[in-house]
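In what follows, a structure is listed as C-alpha cells, so that the remarks can point back to it.
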Amino acid sequence: MDSCLPSTTLVARRAIGPVRVGDARSRMASMAGTPTVVARVVYSYCVAGGGFVRAVFGERARSRLVLTTASVHTAAVERRRSVADLIERALPVGRGLWRDGLTVYGVRGKRVSFVAVVDRGLAKSPKRLRRYVVLARKG
C-alpha cells in the first residue's frame with residue numbers, strides 16, 4: 001500500500017491512526033503500509049490533504065515518537081481548546097514545544113504546527129524528547 005494515510009486518521013493516546021508508539025518496523029509496515037520515505041531511524045507517511053505522519057525509532061528498533069503535521073490533526077487540537085489554554089495546561093519542554101502527558105505540541109505563533117505522541121521514557125526526558133522531535137521534523 002503506497003497510498004497516503006486517510007485524512008480521517010485520528011490522534012489517539014498512543015497512536016496517530018495505524019502508526020503506533022512501541023511498534024517494530026515490520027508491524028508498522030504491515031498495519032500502516034509501506035512508508036512514503038524510509039530513513040535510518042524515521043518512517044514517513046503522507047496524509048491525504050497534506051502533511052505527514054512520521055515515526056522515529058529508538059535503540060531497540062521500536063517507535064518512540066509519532067508526529068503529524070497534517071492540518072486536519074493540528075486544526076482539531078485548536079478546535080478543542082485555544083493555544084493559550086494548551087500552553088497554560090501543558091509543561092514547557094523547549095522553545096515552542098509543550099507536553100501534556102504523552103502528547104507533545106509544537107506551537108508557532110498562535111498556531112499548533114504539529115502534534116506528537118511519545119512513550120513514557122521520552123516524556124520524562126526533555127533533552128531526548130527535543131532530539132527526537134528534531135529527527136521527526138527533518139525526516
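So you can find residues: chains in the C-alpha cells are A, B, ... in the order shown, residues in each start at 1, and ligands are numbered from 1 in order.
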
Hey, what does DSSP flag as strand (DSSP E) within chain A? Can you give it to me as number ranges by chain? A: 15-16, 19-20, 37-38, 42-46, 52-57, 63-68, 91-94, 97-100, 103-108, 111-118

Could you take the residues named above and write them with C-alpha atoms, as a PDB file, in the first residue's frame?
```pdb
ATOM      1  CA  ALA A  15      -1.010   6.345  18.042  1.00  0.00           C
ATOM      2  CA  ILE A  16      -1.799   8.509  15.079  1.00  0.00           C
ATOM      3  CA  VAL A  19       1.145   4.404  13.232  1.00  0.00           C
ATOM      4  CA  ARG A  20       1.661   3.438  16.872  1.00  0.00           C
ATOM      5  CA  VAL A  37      10.081   7.698   2.843  1.00  0.00           C
ATOM      6  CA  VAL A  38      12.336   5.372   4.830  1.00  0.00           C
ATOM      7  CA  VAL A  42      12.427   7.531  10.605  1.00  0.00           C
ATOM      8  CA  TYR A  43       9.441   6.179   8.679  1.00  0.00           C
ATOM      9  CA  SER A  44       7.392   8.862   6.923  1.00  0.00           C
ATOM     10  CA  TYR A  45       3.832   8.546   5.646  1.00  0.00           C
ATOM     11  CA  CYS A  46       1.974  11.180   3.631  1.00  0.00           C
ATOM     12  CA  PHE A  52       2.789  13.848   7.034  1.00  0.00           C
ATOM     13  CA  VAL A  53       2.963  11.348   9.876  1.00  0.00           C
ATOM     14  CA  ARG A  54       6.455  10.308  10.934  1.00  0.00           C
ATOM     15  CA  ALA A  55       7.614   7.625  13.356  1.00  0.00           C
ATOM     16  CA  VAL A  56      11.051   7.836  14.963  1.00  0.00           C
ATOM     17  CA  PHE A  57      12.603   4.566  16.099  1.00  0.00           C
ATOM     18  CA  SER A  63       8.940   3.580  17.570  1.00  0.00           C
ATOM     19  CA  ARG A  64       9.282   6.070  20.410  1.00  0.00           C
ATOM     20  CA  LEU A  65       7.668   9.147  18.859  1.00  0.00           C
ATOM     21  CA  VAL A  66       4.927   9.517  16.251  1.00  0.00           C
ATOM     22  CA  LEU A  67       4.424  13.057  14.904  1.00  0.00           C
ATOM     23  CA  THR A  68       1.925  14.601  12.492  1.00  0.00           C
ATOM     24  CA  LEU A  91       4.576  21.679  30.517  1.00  0.00           C
ATOM     25  CA  PRO A  92       7.204  23.571  28.507  1.00  0.00           C
ATOM     26  CA  VAL A  93       9.831  21.242  27.042  1.00  0.00           C
ATOM     27  CA  GLY A  94      11.688  23.699  24.818  1.00  0.00           C
ATOM     28  CA  LEU A  97       7.407  22.724  22.467  1.00  0.00           C
ATOM     29  CA  TRP A  98       4.813  21.708  25.061  1.00  0.00           C
ATOM     30  CA  ARG A  99       3.985  18.352  26.660  1.00  0.00           C
ATOM     31  CA  ASP A 100       0.688  17.269  28.177  1.00  0.00           C
ATOM     32  CA  THR A 103       1.111  14.180  23.909  1.00  0.00           C
ATOM     33  CA  VAL A 104       3.516  16.828  22.622  1.00  0.00           C
ATOM     34  CA  TYR A 105       2.521  20.001  20.778  1.00  0.00           C
ATOM     35  CA  GLY A 106       4.644  22.226  18.593  1.00  0.00           C
ATOM     36  CA  VAL A 107       3.428  25.817  18.710  1.00  0.00           C
ATOM     37  CA  ARG A 108       4.460  28.554  16.302  1.00  0.00           C
ATOM     38  CA  ARG A 111      -0.948  28.015  15.761  1.00  0.00           C
ATOM     39  CA  VAL A 112      -0.272  24.366  16.519  1.00  0.00           C
ATOM     40  CA  SER A 113       2.318  23.273  13.930  1.00  0.00           C
ATOM     41  CA  PHE A 114       2.444  19.604  14.919  1.00  0.00           C
ATOM     42  CA  VAL A 115       1.056  17.036  17.340  1.00  0.00           C
ATOM     43  CA  ALA A 116       3.056  14.043  18.539  1.00  0.00           C
ATOM     44  CA  VAL A 117       2.576  11.077  20.848  1.00  0.00           C
ATOM     45  CA  VAL A 118       5.539   9.628  22.726  1.00  0.00           C
TER      46      VAL A 118
END
```

Could you build a table of the residues in region 10-59 of chain A lying no more than 12 Å from region 120-131 of chain A, giving for each the nearest pair of atoms and their separation in Å rounded to one decimal place, using only C-alpha atoms, ordered by chain and ascending residue number, as a Markdown table?
```
| residue | atom | partner | partner_atom | distance |
| --- | --- | --- | --- | --- |
| A:Arg13 | CA | A:Arg120 | CA | 11.5 |
| A:Arg14 | CA | A:Arg120 | CA | 10.2 |
| A:Val21 | CA | A:Arg120 | CA | 10.1 |
| A:Gly22 | CA | A:Arg120 | CA | 10.4 |
| A:Val56 | CA | A:Arg131 | CA | 10.4 |
| A:Phe57 | CA | A:Leu122 | CA | 11.7 |
| A:Gly58 | CA | A:Leu122 | CA | 10.1 |
```

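Taking CA of Ala136 (chain A) and CA of Arg89 (chain A) as the two end points, the separation is 24.2 Å.
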
Rank nothing, just name the residue among A:Thr36, A:Ser82, A:Ser26, A:Ser71 nearest to Leu5 (chain A), using only C-alpha atoms. A:Thr36

Separating CA of Gly50 (chain A) from CA of Glu78 (chain A), to the nearest tenth of an Å, is a gap of 17.4 Å

Between A:Ala48, A:Arg95, A:Arg60, A:Lys110, which has the minimum distance to Val83 (chain A) (counting only C-alpha atoms)? A:Lys110

Considering only C-alpha atoms, can you say which of A:Ala61, A:Leu86, A:Val134, A:Leu10 comes closest to Asp23 (chain A)?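 Looking only at the distances to Asp23 (chain A), the closest residue turns out to be A:Ala61.
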
Interatomic distance, CA of Arg79 (chain A) to CA of Thr8 (chain A) (Å, one decimal):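 For CA of Arg79 (chain A) relative to CA of Thr8 (chain A), the distance reads 15.5 Å.
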
Using the chain letters and numbers from this document, which residues of chain A does DSSP assign to alpha helix (DSSP H), as a VMD selection string? chain A and resid 25 to 32 71 to 80 83 to 89 120 to 123 126 to 138

Once you have the residues from the selection above, write them out as a CSV table (one decimal), in the first residue's frame, restricted to C-alpha atoms.
```
chain,number,residue,atom,x,y,z
A,25,ARG,CA,9.2,-1.5,11.9
A,26,SER,CA,7.7,-4.8,10.5
A,27,ARG,CA,4.5,-4.4,12.4
A,28,MET,CA,4.2,-0.7,11.5
A,29,ALA,CA,4.6,-1.5,7.8
A,30,SER,CA,2.0,-4.3,8.0
A,31,MET,CA,-0.5,-2.0,9.8
A,32,ALA,CA,0.1,1.3,8.0
A,71,SER,CA,-3.6,20.3,9.2
A,72,VAL,CA,-6.7,18.1,9.9
A,73,HIS,CA,-4.8,16.9,13.1
A,74,THR,CA,-3.4,20.3,14.2
A,75,ALA,CA,-6.7,22.1,13.5
A,76,ALA,CA,-8.6,19.6,15.6
A,77,VAL,CA,-6.4,20.5,18.6
A,78,GLU,CA,-7.1,24.2,18.0
A,79,ARG,CA,-10.9,23.5,17.8
A,80,ARG,CA,-10.9,21.6,21.2
A,83,VAL,CA,-3.4,27.6,22.1
A,84,ALA,CA,-3.3,29.8,25.2
A,85,ASP,CA,-5.3,27.1,27.2
A,86,LEU,CA,-3.0,24.5,25.8
A,87,ILE,CA,0.1,26.4,27.0
A,88,GLU,CA,-1.4,27.1,30.3
A,89,ARG,CA,-2.1,23.4,31.0
A,120,ARG,CA,6.9,7.3,28.8
A,121,GLY,CA,10.7,7.3,28.6
A,122,LEU,CA,10.8,10.2,26.2
A,123,ALA,CA,8.1,12.1,28.1
A,126,PRO,CA,13.1,16.8,27.8
A,127,LYS,CA,16.5,16.7,26.2
A,128,ARG,CA,15.8,13.4,24.4
A,129,LEU,CA,12.3,14.4,23.5
A,130,ARG,CA,13.7,17.5,21.8
A,131,ARG,CA,16.2,15.4,19.9
A,132,TYR,CA,13.5,13.0,18.7
A,133,VAL,CA,11.3,15.9,17.6
A,134,VAL,CA,14.2,17.3,15.5
A,135,LEU,CA,14.7,13.9,13.9
A,136,ALA,CA,11.0,13.7,13.1
A,137,ARG,CA,10.8,17.2,11.7
A,138,LYS,CA,13.8,16.6,9.4
```
